[in-house]
Each structure stands twice: as structure tokens, then as C-alpha cells.
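**Q** I'd like to ask some things about the structure below.
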Amino acid sequence: MRLDDIETICEIEREAFPTPWSAGAFQNELTNNHFAHYLVMELDGEIAGYAGMWLIMDEAHITNIAVRAPYRGRKLGERLLVQMQSAAMFLGAERMTLEVRVSNVVAQRLYAKLGFIPAGLRKGYYTDNGEDAIIMWAHLRRIAEEGERETNADAT
Ligand SMILES: CC(C)(COP(=O)(O)OP(=O)(O)OC[C@H]1O[C@@H](n2cnc3c(N)ncnc32)[C@H](O)[C@@H]1OP(=O)(O)O)[C@@H](O)C(=O)NCCC(=O)NCCS
């Protein structure tokens with residue numbers, strides 16, 4: 001993600017979240033936060049989605065992930081998150097965590113598919129409606145090893 005992507009990112013953010021981050025928040029992430037890593041996904045030269053994480057020691061914390069509404073359901077969210085997992089591992093992370101609304105079943109299914117397991121609740125975490133967040137964790141190396149085993153099994 002670059003500074004000149006922020007305008008489009010904010011459009012997607014408003015489309016995707018009830019309490020969208022401001023342009024200033026993204027600018028701060030890209031220029032001041034040394035823990036932050038943000039990716040955009042482009043399709044036909046347009047931004048189709050983005051994701052971000054904070055990488056602290058060996059833990060990666062996903063801050064946001066979104067796919068533009070017309071592009072959802074085409075495995076782009078999955079590709080974005082797989083890319084974040086690979087990048088996090090490359091940068092030394094062992095584990096990845098995130099929070100997800102109790103009502104966001106689509107995102108929960110994506111996370112479960114990519115190895116995330118529920119580990120607890122943050123009560124009233126979301127300020128717009130007081131909804132609880134499910135905390136999920138994934139063991140990145142274990143997921144990568146399982147992926148390799150599946151690839152080897154397919155090849156034999
Ligand atoms: C969550 C989000 C990023 C998923 O991206 P996507 O590109 O639509 O999802 P994909 O096409 O990659 O689907 C991957 C998996 O997600 C789940 N999923 C996707 N769409 C789904 C739907 N309509 N119903 C149920 N599960 C769904 C499935 O597990 C799917 O795998 P499968 O097709 O093999 O079953 C996207 O819906 C989005 O941007 N939502 C709004 C923002 C948001 O909620 N972000 C997460 C905040 S925690």
C-alpha cells in the first residue's frame with residue numbers, strides 16, 4: 001500500500017465497515033508505525049482489496065482485511081490472507097491473531113478455512129453496536145507444514 005492508494009482504500013473501508021478508519025489513520029500506519037505492514041491486491045489495474053497487520057516479535061495481528069463488494073466471493077479474500085500469512089512467516093512470525101464480529105460469519109468461515117481457531121471473546125469490543133469480538137489465532141508454521149504435506153500428497 002502506498003500513500004496515493006489511501007483515497008481508494010478509504011472508499012473500500014467505508015463500504016466494508018460500520019466504523020471505517022480515516023485517511024489519517026492509514027497515513028499514520030504507512031509513515032509512522034514501524035510495526036505495520038499493508039498490502040493491496042490489484043485486479044485489472046484497480047485496487048480490489050487490501051489487508052494490514054502489525055508484526056510484534058513473533059506475533060502478527062491482522063488490523064483489517066477487505067475486498068471491494070463487487071469482487072467478493074471470488075477467492076480474493078482468501079488469496080489476500082494467504083499472502084499475509086506468508087509475509088508474516090517470512091518476517092519471522094510464528095502466530096497470527098485477529099478479532100472478528102460474532103455476526104460476521106463470512107469472515108469467520110474464511111479464517112477457519114485458513115487455520116484460525118477461536119480462542120476467546122472480547123465483550124462489547126465494537127463501539128458502534130457493542131457487539132462482541134471473537135479472538136482467533138493461527139499457528140503459521142503448522143499451517144505451512146500441513147499445506148506442504150497436502151501438496152506432496154497431490155504430487156504422488
Ligand atoms: C471477509 C472477506 C474479506 C472475504 O473475502 P472474499 O473474497 O469475499 O472471500 P473468498 O471468496 O476468498 O472466500 C473464502 C472463504 O470465505 C468464506 N466465504 C466467502 N463468502 C462467503 C459467503 N457468502 N458465505 C459463507 N462463507 C463465505 C468461505 O469459507 C470461502 O471459502 P469456500 O468458498 O471454499 O467455502 C469479504 O467478504 C469482505 O471484504 N467483507 C467485508 C469486510 C470484512 O468483514 N472483513 C473482515 C473483518 S474481521
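The way I read the labels, and the way they are meant: chains A, B, ... in the order of the C-alpha cells, residue 1 as the first residue of every chain, and ligand 1 as the first ligand shown, with later ones counted on from there.
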Taking only C-alpha atoms and all ligand atoms into account, list the residues no farther than 10 Å from ligand 1, as an mmCIF file with N, CA and C atoms, in the first residue's frame.

**A**
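Output saved as selection-v3.cif:
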data_model
loop_
_atom_site.group_PDB
_atom_site.id
_atom_site.type_symbol
_atom_site.label_atom_id
_atom_site.label_comp_id
_atom_site.auth_asym_id
_atom_site.auth_seq_id
_atom_site.Cartn_x
_atom_site.Cartn_y
_atom_site.Cartn_z
ATOM 1 N N ILE A 12 -13.197 1.721 0.003
ATOM 2 C CA ILE A 12 -13.469 0.306 0.304
ATOM 3 C C ILE A 12 -13.768 0.145 1.789
ATOM 4 N N GLU A 13 -13.019 0.861 2.600
ATOM 5 C CA GLU A 13 -13.183 0.801 4.057
ATOM 6 C C GLU A 13 -14.618 1.214 4.442
ATOM 7 N N ARG A 14 -15.131 2.287 3.812
ATOM 8 C CA ARG A 14 -16.492 2.765 4.128
ATOM 9 C C ARG A 14 -17.546 1.756 3.680
ATOM 10 N N GLU A 15 -17.246 1.082 2.573
ATOM 11 C CA GLU A 15 -18.168 0.088 2.015
ATOM 12 C C GLU A 15 -18.194 -1.170 2.915
ATOM 13 N N ALA A 16 -17.053 -1.431 3.568
ATOM 14 C CA ALA A 16 -16.886 -2.720 4.262
ATOM 15 C C ALA A 16 -17.169 -2.675 5.768
ATOM 16 N N PHE A 17 -16.976 -1.504 6.402
ATOM 17 C CA PHE A 17 -17.012 -1.474 7.868
ATOM 18 C C PHE A 17 -17.915 -0.364 8.406
ATOM 19 N N PRO A 18 -18.684 -0.644 9.477
ATOM 20 C CA PRO A 18 -19.532 0.379 10.084
ATOM 21 C C PRO A 18 -18.734 1.519 10.736
ATOM 22 N N ALA A 48 -8.600 -4.048 -5.644
ATOM 23 C CA ALA A 48 -9.763 -4.915 -5.382
ATOM 24 C C ALA A 48 -9.871 -5.248 -3.901
ATOM 25 N N GLY A 49 -8.793 -5.059 -3.148
ATOM 26 C CA GLY A 49 -8.831 -5.374 -1.723
ATOM 27 C C GLY A 49 -7.517 -4.986 -1.065
ATOM 28 N N TYR A 50 -7.505 -5.102 0.243
ATOM 29 C CA TYR A 50 -6.286 -4.767 0.984
ATOM 30 C C TYR A 50 -6.334 -5.472 2.335
ATOM 31 N N ALA A 51 -5.179 -5.542 2.941
ATOM 32 C CA ALA A 51 -5.089 -6.133 4.281
ATOM 33 C C ALA A 51 -3.885 -5.538 4.981
ATOM 34 N N ILE A 62 -3.641 -9.101 12.649
ATOM 35 C CA ILE A 62 -4.332 -8.530 11.486
ATOM 36 C C ILE A 62 -5.169 -7.330 11.953
ATOM 37 N N THR A 63 -4.977 -6.174 11.307
ATOM 38 C CA THR A 63 -5.735 -4.974 11.688
ATOM 39 C C THR A 63 -6.992 -4.834 10.841
ATOM 40 N N ASN A 64 -6.889 -5.115 9.564
ATOM 41 C CA ASN A 64 -8.075 -5.071 8.706
ATOM 42 C C ASN A 64 -7.841 -5.858 7.417
ATOM 43 N N ILE A 65 -8.941 -6.353 6.883
ATOM 44 C CA ILE A 65 -8.888 -7.048 5.593
ATOM 45 C C ILE A 65 -10.247 -6.817 4.931
ATOM 46 N N ALA A 66 -10.213 -6.415 3.674
ATOM 47 C CA ALA A 66 -11.477 -6.176 2.967
ATOM 48 C C ALA A 66 -11.277 -6.352 1.475
ATOM 49 N N VAL A 67 -12.352 -6.834 0.843
ATOM 50 C CA VAL A 67 -12.386 -6.965 -0.615
ATOM 51 C C VAL A 67 -13.525 -6.073 -1.087
ATOM 52 N N ARG A 68 -13.321 -5.361 -2.167
ATOM 53 C CA ARG A 68 -14.380 -4.495 -2.740
ATOM 54 C C ARG A 68 -15.627 -5.310 -2.995
ATOM 55 N N ALA A 69 -16.797 -4.746 -2.652
ATOM 56 C CA ALA A 69 -18.039 -5.534 -2.671
ATOM 57 C C ALA A 69 -18.255 -6.314 -3.983
ATOM 58 N N PRO A 70 -18.087 -5.696 -5.172
ATOM 59 C CA PRO A 70 -18.382 -6.468 -6.392
ATOM 60 C C PRO A 70 -17.429 -7.643 -6.627
ATOM 61 N N TYR A 71 -16.281 -7.637 -5.963
ATOM 62 C CA TYR A 71 -15.278 -8.691 -6.190
ATOM 63 C C TYR A 71 -15.338 -9.813 -5.151
ATOM 64 N N ARG A 72 -16.271 -9.701 -4.209
ATOM 65 C CA ARG A 72 -16.303 -10.723 -3.143
ATOM 66 C C ARG A 72 -16.789 -12.054 -3.690
ATOM 67 N N GLY A 73 -16.410 -13.142 -2.996
ATOM 68 C CA GLY A 73 -16.861 -14.476 -3.387
ATOM 69 C C GLY A 73 -16.079 -15.061 -4.547
ATOM 70 N N ARG A 74 -14.912 -14.471 -4.880
ATOM 71 C CA ARG A 74 -14.091 -14.994 -5.979
ATOM 72 C C ARG A 74 -12.729 -15.468 -5.495
ATOM 73 N N LYS A 75 -12.648 -15.767 -4.206
ATOM 74 C CA LYS A 75 -11.415 -16.281 -3.573
ATOM 75 C C LYS A 75 -10.313 -15.219 -3.432
ATOM 76 N N LEU A 76 -10.675 -13.951 -3.622
ATOM 77 C CA LEU A 76 -9.646 -12.916 -3.498
ATOM 78 C C LEU A 76 -9.301 -12.658 -2.036
ATOM 79 N N GLY A 77 -10.315 -12.706 -1.151
ATOM 80 C CA GLY A 77 -10.050 -12.533 0.276
ATOM 81 C C GLY A 77 -9.127 -13.641 0.773
ATOM 82 N N GLU A 78 -9.380 -14.832 0.293
ATOM 83 C CA GLU A 78 -8.540 -15.973 0.679
ATOM 84 C C GLU A 78 -7.105 -15.754 0.205
ATOM 85 N N ARG A 79 -6.950 -15.312 -1.028
ATOM 86 C CA ARG A 79 -5.588 -15.083 -1.541
ATOM 87 C C ARG A 79 -4.873 -13.988 -0.758
ATOM 88 N N LEU A 80 -5.626 -12.955 -0.398
ATOM 89 C CA LEU A 80 -5.029 -11.868 0.387
ATOM 90 C C LEU A 80 -4.524 -12.377 1.735
ATOM 91 N N LEU A 81 -5.362 -13.162 2.405
ATOM 92 C CA LEU A 81 -4.983 -13.627 3.746
ATOM 93 C C LEU A 81 -3.836 -14.641 3.675
ATOM 94 N N VAL A 82 -3.849 -15.500 2.646
ATOM 95 C CA VAL A 82 -2.726 -16.441 2.467
ATOM 96 C C VAL A 82 -1.436 -15.635 2.270
ATOM 97 N N LEU A 98 -6.408 -12.232 15.188
ATOM 98 C CA LEU A 98 -7.329 -11.199 14.708
ATOM 99 C C LEU A 98 -8.595 -11.235 15.559
ATOM 100 N N GLU A 99 -9.386 -10.169 15.418
ATOM 101 C CA GLU A 99 -10.713 -10.140 16.039
ATOM 102 C C GLU A 99 -11.752 -10.092 14.929
ATOM 103 N N VAL A 100 -12.892 -10.720 15.168
ATOM 104 C CA VAL A 100 -13.970 -10.719 14.176
ATOM 105 C C VAL A 100 -15.309 -10.612 14.906
ATOM 106 N N ARG A 101 -16.234 -9.835 14.308
ATOM 107 C CA ARG A 101 -17.567 -9.707 14.914
ATOM 108 C C ARG A 101 -18.248 -11.071 15.014
ATOM 109 N N VAL A 102 -18.948 -11.260 16.102
ATOM 110 C CA VAL A 102 -19.698 -12.501 16.295
ATOM 111 C C VAL A 102 -20.656 -12.722 15.126
ATOM 112 N N SER A 103 -21.188 -11.618 14.552
ATOM 113 C CA SER A 103 -22.173 -11.743 13.458
ATOM 114 C C SER A 103 -21.527 -11.940 12.087
ATOM 115 N N ASN A 104 -20.216 -11.788 11.974
ATOM 116 C CA ASN A 104 -19.562 -11.838 10.649
ATOM 117 C C ASN A 104 -19.158 -13.281 10.298
ATOM 118 N N VAL A 105 -20.185 -14.033 9.928
ATOM 119 C CA VAL A 105 -19.983 -15.468 9.693
ATOM 120 C C VAL A 105 -19.120 -15.705 8.446
ATOM 121 N N VAL A 106 -19.259 -14.832 7.425
ATOM 122 C CA VAL A 106 -18.460 -14.985 6.200
ATOM 123 C C VAL A 106 -16.966 -14.924 6.543
ATOM 124 N N ALA A 107 -16.578 -13.881 7.279
ATOM 125 C CA ALA A 107 -15.159 -13.748 7.639
ATOM 126 C C ALA A 107 -14.715 -14.905 8.540
ATOM 127 N N GLN A 108 -15.578 -15.303 9.474
ATOM 128 C CA GLN A 108 -15.201 -16.425 10.367
ATOM 129 C C GLN A 108 -14.932 -17.693 9.567
ATOM 130 N N ARG A 109 -15.739 -17.914 8.520
ATOM 131 C CA ARG A 109 -15.528 -19.130 7.710
ATOM 132 C C ARG A 109 -14.217 -19.049 6.939
ATOM 133 N N LEU A 110 -13.916 -17.859 6.435
ATOM 134 C CA LEU A 110 -12.622 -17.671 5.756
ATOM 135 C C LEU A 110 -11.481 -17.968 6.727
ATOM 136 N N TYR A 111 -11.567 -17.407 7.943
ATOM 137 C CA TYR A 111 -10.471 -17.589 8.908
ATOM 138 C C TYR A 111 -10.333 -19.061 9.308
ATOM 139 N N ALA A 112 -11.480 -19.723 9.511
ATOM 140 C CA ALA A 112 -11.420 -21.145 9.897
ATOM 141 C C ALA A 112 -10.762 -21.951 8.779
ATOM 142 N N LYS A 113 -11.088 -21.582 7.534
ATOM 143 C CA LYS A 113 -10.513 -22.307 6.395
ATOM 144 C C LYS A 113 -8.986 -22.172 6.371
ATOM 145 N N LEU A 114 -8.500 -21.022 6.830
ATOM 146 C CA LEU A 114 -7.049 -20.776 6.796
ATOM 147 C C LEU A 114 -6.384 -21.053 8.147
ATOM 148 N N ALA A 133 -16.375 -9.377 20.086
ATOM 149 C CA ALA A 133 -15.413 -9.869 19.092
ATOM 150 C C ALA A 133 -14.962 -11.262 19.487
ATOM 151 N N ILE A 134 -14.879 -12.138 18.488
ATOM 152 C CA ILE A 134 -14.229 -13.433 18.712
ATOM 153 C C ILE A 134 -12.747 -13.227 18.418
ATOM 154 N N ILE A 135 -11.894 -13.669 19.340
ATOM 155 C CA ILE A 135 -10.442 -13.616 19.118
ATOM 156 C C ILE A 135 -10.049 -14.943 18.483
#

**Q** DSSP on the backbone: what in chain A comes out helix (DSSP H, G or I), as an NGL selection string?

**A** :A and (3-16 or 23-31 or 69-71 or 76-90 or 105-113 or 140-155)

**Q** Could you pull out the strand (DSSP E or B) residues of chain A, going by DSSP on the backbone, and write them as a ChimeraX atom specification?

**A** /A:36-43,46-56,59-67,95-101,117-122,133-139

**Q** Generate a file of the selected residues that holds N, CA and C atoms, formatted as a compact mmCIF listing (two decimals), in the first residue's frame.

**A**
# COMPACT_ATOMS: atom_id res chain seq x y z
N ALA A 36 3.84 -1.84 11.28
CA ALA A 36 2.73 -2.04 10.33
C ALA A 36 3.21 -2.52 8.96
N HIS A 37 2.40 -3.42 8.39
CA HIS A 37 2.65 -3.92 7.02
C HIS A 37 1.31 -3.97 6.31
N TYR A 38 1.20 -3.30 5.18
CA TYR A 38 -0.08 -3.25 4.45
C TYR A 38 0.11 -3.66 3.00
N LEU A 39 -0.82 -4.46 2.52
CA LEU A 39 -0.79 -4.93 1.13
C LEU A 39 -2.05 -4.50 0.41
N VAL A 40 -1.93 -4.16 -0.87
CA VAL A 40 -3.14 -4.02 -1.69
C VAL A 40 -3.13 -5.13 -2.73
N MET A 41 -4.33 -5.53 -3.13
CA MET A 41 -4.48 -6.51 -4.21
C MET A 41 -5.06 -5.78 -5.41
N GLU A 42 -4.40 -5.89 -6.55
CA GLU A 42 -4.90 -5.20 -7.75
C GLU A 42 -5.46 -6.20 -8.74
N LEU A 43 -6.54 -5.77 -9.40
CA LEU A 43 -7.16 -6.60 -10.43
C LEU A 43 -7.44 -5.66 -11.60
N GLU A 46 -6.90 -2.03 -10.94
CA GLU A 46 -7.68 -1.35 -9.88
C GLU A 46 -7.46 -2.07 -8.56
N ILE A 47 -7.58 -1.32 -7.46
CA ILE A 47 -7.46 -1.97 -6.15
C ILE A 47 -8.74 -2.75 -5.85
N ALA A 48 -8.60 -4.05 -5.64
CA ALA A 48 -9.76 -4.92 -5.38
C ALA A 48 -9.87 -5.25 -3.90
N GLY A 49 -8.79 -5.06 -3.15
CA GLY A 49 -8.83 -5.37 -1.72
C GLY A 49 -7.52 -4.99 -1.06
N TYR A 50 -7.51 -5.10 0.24
CA TYR A 50 -6.29 -4.77 0.98
C TYR A 50 -6.33 -5.47 2.34
N ALA A 51 -5.18 -5.54 2.94
CA ALA A 51 -5.09 -6.13 4.28
C ALA A 51 -3.89 -5.54 4.98
N GLY A 52 -3.97 -5.52 6.31
CA GLY A 52 -2.86 -4.97 7.08
C GLY A 52 -2.60 -5.77 8.33
N MET A 53 -1.39 -5.65 8.83
CA MET A 53 -1.07 -6.33 10.11
C MET A 53 0.00 -5.53 10.84
N TRP A 54 0.02 -5.76 12.15
CA TRP A 54 1.13 -5.29 12.97
C TRP A 54 1.94 -6.52 13.34
N LEU A 55 3.23 -6.40 13.12
CA LEU A 55 4.10 -7.52 13.43
C LEU A 55 4.96 -7.16 14.64
N ILE A 56 4.69 -7.83 15.77
CA ILE A 56 5.40 -7.51 17.01
C ILE A 56 6.03 -8.79 17.51
N GLU A 59 4.64 -12.37 16.70
CA GLU A 59 3.18 -12.39 16.55
C GLU A 59 2.72 -11.36 15.53
N ALA A 60 1.83 -11.81 14.65
CA ALA A 60 1.24 -10.90 13.66
C ALA A 60 -0.22 -10.68 14.04
N HIS A 61 -0.63 -9.42 14.08
CA HIS A 61 -2.01 -9.07 14.44
C HIS A 61 -2.66 -8.41 13.22
N ILE A 62 -3.64 -9.10 12.65
CA ILE A 62 -4.33 -8.53 11.49
C ILE A 62 -5.17 -7.33 11.95
N THR A 63 -4.98 -6.17 11.31
CA THR A 63 -5.73 -4.97 11.69
C THR A 63 -6.99 -4.83 10.84
N ASN A 64 -6.89 -5.12 9.56
CA ASN A 64 -8.07 -5.07 8.71
C ASN A 64 -7.84 -5.86 7.42
N ILE A 65 -8.94 -6.35 6.88
CA ILE A 65 -8.89 -7.05 5.59
C ILE A 65 -10.25 -6.82 4.93
N ALA A 66 -10.21 -6.41 3.67
CA ALA A 66 -11.48 -6.18 2.97
C ALA A 66 -11.28 -6.35 1.48
N VAL A 67 -12.35 -6.83 0.84
CA VAL A 67 -12.39 -6.96 -0.62
C VAL A 67 -13.53 -6.07 -1.09
N ARG A 95 2.88 -16.91 14.97
CA ARG A 95 1.43 -16.96 15.19
C ARG A 95 0.78 -15.72 14.61
N MET A 96 -0.50 -15.88 14.27
CA MET A 96 -1.26 -14.73 13.75
C MET A 96 -2.58 -14.67 14.50
N THR A 97 -3.01 -13.45 14.83
CA THR A 97 -4.28 -13.29 15.55
C THR A 97 -5.12 -12.20 14.89
N LEU A 98 -6.41 -12.23 15.19
CA LEU A 98 -7.33 -11.20 14.71
C LEU A 98 -8.59 -11.24 15.56
N GLU A 99 -9.39 -10.17 15.42
CA GLU A 99 -10.71 -10.14 16.04
C GLU A 99 -11.75 -10.09 14.93
N VAL A 100 -12.89 -10.72 15.17
CA VAL A 100 -13.97 -10.72 14.18
C VAL A 100 -15.31 -10.61 14.91
N ARG A 101 -16.23 -9.83 14.31
CA ARG A 101 -17.57 -9.71 14.91
C ARG A 101 -18.25 -11.07 15.01
N ILE A 117 -8.35 -20.53 14.82
CA ILE A 117 -9.18 -21.22 15.81
C ILE A 117 -9.65 -20.19 16.84
N PRO A 118 -10.95 -20.21 17.21
CA PRO A 118 -11.44 -19.26 18.22
C PRO A 118 -10.74 -19.49 19.56
N ALA A 119 -10.35 -18.40 20.22
CA ALA A 119 -9.62 -18.56 21.48
C ALA A 119 -10.22 -17.74 22.61
N GLY A 120 -11.30 -17.02 22.33
CA GLY A 120 -11.91 -16.22 23.41
C GLY A 120 -12.77 -15.11 22.84
N LEU A 121 -13.39 -14.35 23.75
CA LEU A 121 -14.27 -13.26 23.35
C LEU A 121 -13.79 -11.96 23.96
N ARG A 122 -13.87 -10.86 23.20
CA ARG A 122 -13.73 -9.54 23.80
C ARG A 122 -15.14 -8.96 23.87
N ALA A 133 -16.37 -9.38 20.09
CA ALA A 133 -15.41 -9.87 19.09
C ALA A 133 -14.96 -11.26 19.49
N ILE A 134 -14.88 -12.14 18.49
CA ILE A 134 -14.23 -13.43 18.71
C ILE A 134 -12.75 -13.23 18.42
N ILE A 135 -11.89 -13.67 19.34
CA ILE A 135 -10.44 -13.62 19.12
C ILE A 135 -10.05 -14.94 18.48
N MET A 136 -9.32 -14.86 17.37
CA MET A 136 -8.88 -16.11 16.72
C MET A 136 -7.36 -16.11 16.57
N TRP A 137 -6.79 -17.30 16.63
CA TRP A 137 -5.33 -17.45 16.48
C TRP A 137 -5.03 -18.54 15.46
N ALA A 138 -3.94 -18.35 14.72
CA ALA A 138 -3.47 -19.40 13.81
C ALA A 138 -1.98 -19.63 14.06
N HIS A 139 -1.58 -20.90 14.03
CA HIS A 139 -0.16 -21.26 14.14
C HIS A 139 0.40 -21.35 12.73

**Q** Please, what distance in Å, to one decimal, runs between CA of Cys10 in chain A and CA of Glu29 in chain A?

**A**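 CA of Glu29 in chain A lies at a distance of 13.4 Å from CA of Cys10 in chain A.
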